[in-house]
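For reference, the structure discussed in these notes is given below.
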Amino acid sequence: MQKQSTINLWAQAVKTGIIKSNLIPMVAGLMLALYTYELNFIENIPNIILATVGSALVIAAAGIFNNLYDRDIDKVMPRTKTRPTVTGELNTRTVLIAGVVFLILGLIALAFTTPLAMFLGFLGVFFYVVPYTMWTKRRTIWNTEVGSISGAVPPLIGWAAVAPNIWHPACWALFIIMVIWQMPHFYAIAIRKHDDYAAANIPMLPVAKGQRRTYIQTNVYLVLLMLTSFLFLPLSLGLTLVSLVLGGIWLWLSFVGYHKMEGKTWANKMFAFSLIHMMVLFATVIIYASVGLIMQAL
């Protein structure tokens with residue numbers, strides 16, 4: 001029982017939910033690169049394993065550094081005040097050492113794929129910890145935009161782990177979609193947890209500017225999200241259409257829901273569909289690339 005409790009504490013410290021959700025686009029980027037450049041899946045199994053392990057470790061490190069730095073504001077928010085870094089159930093020094101070790105091991109694992117994948121892994125952690133956590137999160141309504149850069153790095157890491165370069169439009173489609181996707185997603189969370197952020201004096205958009213401004217800005221990003229779908233066009237009409245349809249449904253839900261639902265109910269619907277959007281889109285990318293790889297091997 002004690003062992004399970006310790007595992008749960010560390011799971012909170014490294015934010016396992018974020019690790020899992022970020023590995024999906026990482027795998028999507030990796031698989032799409034294998035298909036795009038007609039690379040052999042079997043020969044790249046070591047790179048696939050190293051990219052997965054390395055990505056998980058650097059994301060865990062970023063989560064740890066974020067939790068450690070945010071202890072003062074986490075303790076005033078109901079949703080975060082039970083984190084082990086706040087309650088002291090995990091020793092701060094031990095957690096910090098673990099974060100550094102995870103970062104080093106993760107970067108080493110990524111380096112065994114390509115130096116570019118390692119650099120991108122470091123860049124993702126840096127943007128999450130310094131420009132987002134330490135600089136903009138507590139100072140500006142644009143903190144979500146800054147944080148979105150680190151959140152969109154995983155597909156680049158996956159692509160770079162097996163591909164000769166990251167300049168293909170499909171690679172940047174994954175990156176830009178991940179950047180834009182995070183704004184409607186996190187705006188919805190900020191509305192749902194408005195009181196928490198207000199108590200901690202964090203200037204999330206709904207807290208600082210209200211729901212109307214958040215609704216307008218959400219729709220702007222959803223339109224941009226749909227336009228980004230066309231970056232898939234050089235590779236696949238099917239992926240382009242799937243991305244367009246998902247973005248269109250999300251925009252329709254925003255328009256209709258905002259005028260027919262109470263604010264938090266609308267935000268709950270938007271949050272739920274954001275998860276569906278990400279899962280369906282990246283699952284489609286993975287399936288498309290997998291089928292393509294099979295066809296290439298025949």
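Ordering of the structure tokens sets the chain letters (A, B, ...), residue numbers begin anew at 1 in every chain, and ligands are numbered from 1 in the order given.
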For region 145-155 of chain A: contacts at 8 Å, only C-alpha atoms, fewer than 3 positions along chain excluded, given as a ChimeraX atom specification: /A:22-23,25-30,55,120-121,123-128,131-133,136,142,158-159,171,174-176,178-180,182-183
For region 114-157 of chain A versus region 186-208 of chain A, which residues have an atom no more than 9 Å away, and what is each residue's nearest atom pair and distance in Å rounded to one decimal, using only C-alpha atoms, chain-then-number order, as CSV?
```
residue,atom,partner,partner_atom,distance
A:Lys137,CA,A:Ile202,CA,6.8
A:Arg138,CA,A:Ile202,CA,5.1
A:Arg139,CA,A:Pro203,CA,6.7
A:Thr140,CA,A:Pro203,CA,5.9
A:Ile141,CA,A:Leu205,CA,5.2
A:Trp142,CA,A:Leu205,CA,7.7
A:Asn143,CA,A:Met204,CA,7.4
A:Thr144,CA,A:Phe186,CA,7.2
```
Using only C-alpha atoms: which of A:Phe119, A:Phe255, A:Phe232, A:Phe282 has the shortest distance to Gly54 (chain A):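 Of A:Phe119, A:Phe255, A:Phe232, A:Phe282, the one nearest Gly54 (chain A), counting only C-alpha atoms, is A:Phe119.
Separating CA of Pro184 (chain A) from CA of Met226 (chain A) is a distance of 12.9 Å.
Counting from CA of Ala283 (chain A), the distance to CA of Trp250 (chain A) is 17.4 Å.
Proximity to Ala297 (chain A) at 10 Å, evaluated using only C-alpha atoms and with sequence-adjacent residues fewer than 4 positions away removed, yields Glu38, Leu39, Asn40, Phe41, Val291, Gly292 and Leu293 of chain A.
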Counting only C-alpha atoms, the option among A:Ala98, A:Ile64, A:Leu50, A:Leu32 closest to Thr16 (chain A):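 The answer is A:Ile64, which sits nearest to Thr16 (chain A).
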Per-residue DSSP, region 21-255 of chain A, filtered to alpha helix (DSSP H), as a PyMOL selection string: chain A and resi 21-36+45-69+71-74+84-87+92-111+115-127+143-151+153-160+169-192+194-199+205-209+211-228+237-255
Long-range neighbours of Val129 (chain A) as number ranges by chain, 8 Å cut-off, only C-alpha atoms, 5 positions minimum in chain: A: 62, 65-66, 134
Got time to write the residues from that selection, N, CA and C atoms, as a PDB file, in the first residue's frame?
```
ATOM      1  N   ALA A  62      10.253  18.613 -17.072  1.00  0.00           N
ATOM      2  CA  ALA A  62       9.578  19.907 -17.182  1.00  0.00           C
ATOM      3  C   ALA A  62       8.452  20.016 -16.161  1.00  0.00           C
ATOM      4  N   PHE A  65       9.992  20.637 -12.658  1.00  0.00           N
ATOM      5  CA  PHE A  65      10.486  22.011 -12.485  1.00  0.00           C
ATOM      6  C   PHE A  65       9.323  22.987 -12.333  1.00  0.00           C
ATOM      7  N   ASN A  66       8.258  22.771 -13.092  1.00  0.00           N
ATOM      8  CA  ASN A  66       7.068  23.617 -12.998  1.00  0.00           C
ATOM      9  C   ASN A  66       6.429  23.498 -11.615  1.00  0.00           C
ATOM     10  N   MET A 134       8.380  30.769 -15.363  1.00  0.00           N
ATOM     11  CA  MET A 134       9.080  31.768 -14.562  1.00  0.00           C
ATOM     12  C   MET A 134       8.825  33.209 -15.004  1.00  0.00           C
TER      13      MET A 134
END
```
Near-Asn47 (chain A) list (9 Å; only C-alpha atoms; drop same-chain fewer than 3 positions) as a list in words: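 What passes the distance filter is Glu43, Asn44, Leu50, Ala51, Thr52, Leu110, Phe112, Thr113, Thr114, Ala161 and Val162 of chain A.
Contact shell of Ala61 (chain A) at 6 Å (only C-alpha atoms; same-chain neighbours under 3 positions omitted): Val58, Ile64, Gly99, Phe102 and Leu103 of chain A.
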For the selection just defined, write its residues with N, CA and C atoms to a file, as a compact mmCIF listing (two decimals), in the first residue's frame.
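selection_30.txt, written as the output of this step:
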```txt
# COMPACT_ATOMS: atom_id res chain seq x y z
N VAL A 58 12.04 13.93 -20.57
CA VAL A 58 12.18 15.39 -20.58
C VAL A 58 10.87 16.08 -20.22
N ILE A 64 8.22 18.48 -13.28
CA ILE A 64 8.82 18.62 -11.95
C ILE A 64 9.27 20.05 -11.70
N GLY A 99 14.34 15.64 -11.10
CA GLY A 99 14.07 16.40 -12.31
C GLY A 99 15.31 16.58 -13.16
N PHE A 102 16.22 13.16 -14.68
CA PHE A 102 15.30 12.84 -15.78
C PHE A 102 15.67 13.65 -17.03
N LEU A 103 15.98 14.93 -16.84
CA LEU A 103 16.32 15.77 -17.98
C LEU A 103 17.58 15.27 -18.68
```
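When only C-alpha atoms are used to measure the gap to Leu241 (chain A), the shortest distance among A:Ile157, A:Ile108, A:Val223, A:Leu281 belongs to A:Leu281.
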Neighbour list for Ala163 (chain A) as a PDB file with all heavy atoms, in the first residue's frame, cut-off 8 Å, only C-alpha atoms, skip fewer than 6 positions in-chain:
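Result file is out.pdb:
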```
ATOM      1  N   ALA A  33       6.842  10.930 -40.299  1.00  0.00           N
ATOM      2  CA  ALA A  33       8.167  11.110 -40.906  1.00  0.00           C
ATOM      3  C   ALA A  33       8.643   9.809 -41.546  1.00  0.00           C
ATOM      4  O   ALA A  33       9.215   9.823 -42.650  1.00  0.00           O
ATOM      5  CB  ALA A  33       9.162  11.580 -39.848  1.00  0.00           C
ATOM      6  N   LEU A  34       8.435   8.691 -40.860  1.00  0.00           N
ATOM      7  CA  LEU A  34       8.819   7.395 -41.435  1.00  0.00           C
ATOM      8  C   LEU A  34       8.137   7.173 -42.781  1.00  0.00           C
ATOM      9  O   LEU A  34       8.765   6.736 -43.747  1.00  0.00           O
ATOM     10  CB  LEU A  34       8.442   6.265 -40.471  1.00  0.00           C
ATOM     11  CG  LEU A  34       9.255   6.115 -39.187  1.00  0.00           C
ATOM     12  CD1 LEU A  34       8.670   4.999 -38.327  1.00  0.00           C
ATOM     13  CD2 LEU A  34      10.725   5.822 -39.491  1.00  0.00           C
ATOM     14  N   TYR A  37       9.301   9.906 -45.664  1.00  0.00           N
ATOM     15  CA  TYR A  37      10.633   9.687 -46.236  1.00  0.00           C
ATOM     16  C   TYR A  37      10.880   8.217 -46.599  1.00  0.00           C
ATOM     17  O   TYR A  37      12.009   7.841 -46.893  1.00  0.00           O
ATOM     18  CB  TYR A  37      11.705  10.186 -45.264  1.00  0.00           C
ATOM     19  CG  TYR A  37      11.678  11.689 -45.094  1.00  0.00           C
ATOM     20  CD1 TYR A  37      11.054  12.276 -44.005  1.00  0.00           C
ATOM     21  CD2 TYR A  37      12.254  12.522 -46.047  1.00  0.00           C
ATOM     22  CE1 TYR A  37      11.019  13.660 -43.848  1.00  0.00           C
ATOM     23  CE2 TYR A  37      12.224  13.909 -45.904  1.00  0.00           C
ATOM     24  CZ  TYR A  37      11.599  14.467 -44.801  1.00  0.00           C
ATOM     25  OH  TYR A  37      11.564  15.833 -44.665  1.00  0.00           O
TER      26      TYR A  37
END
```
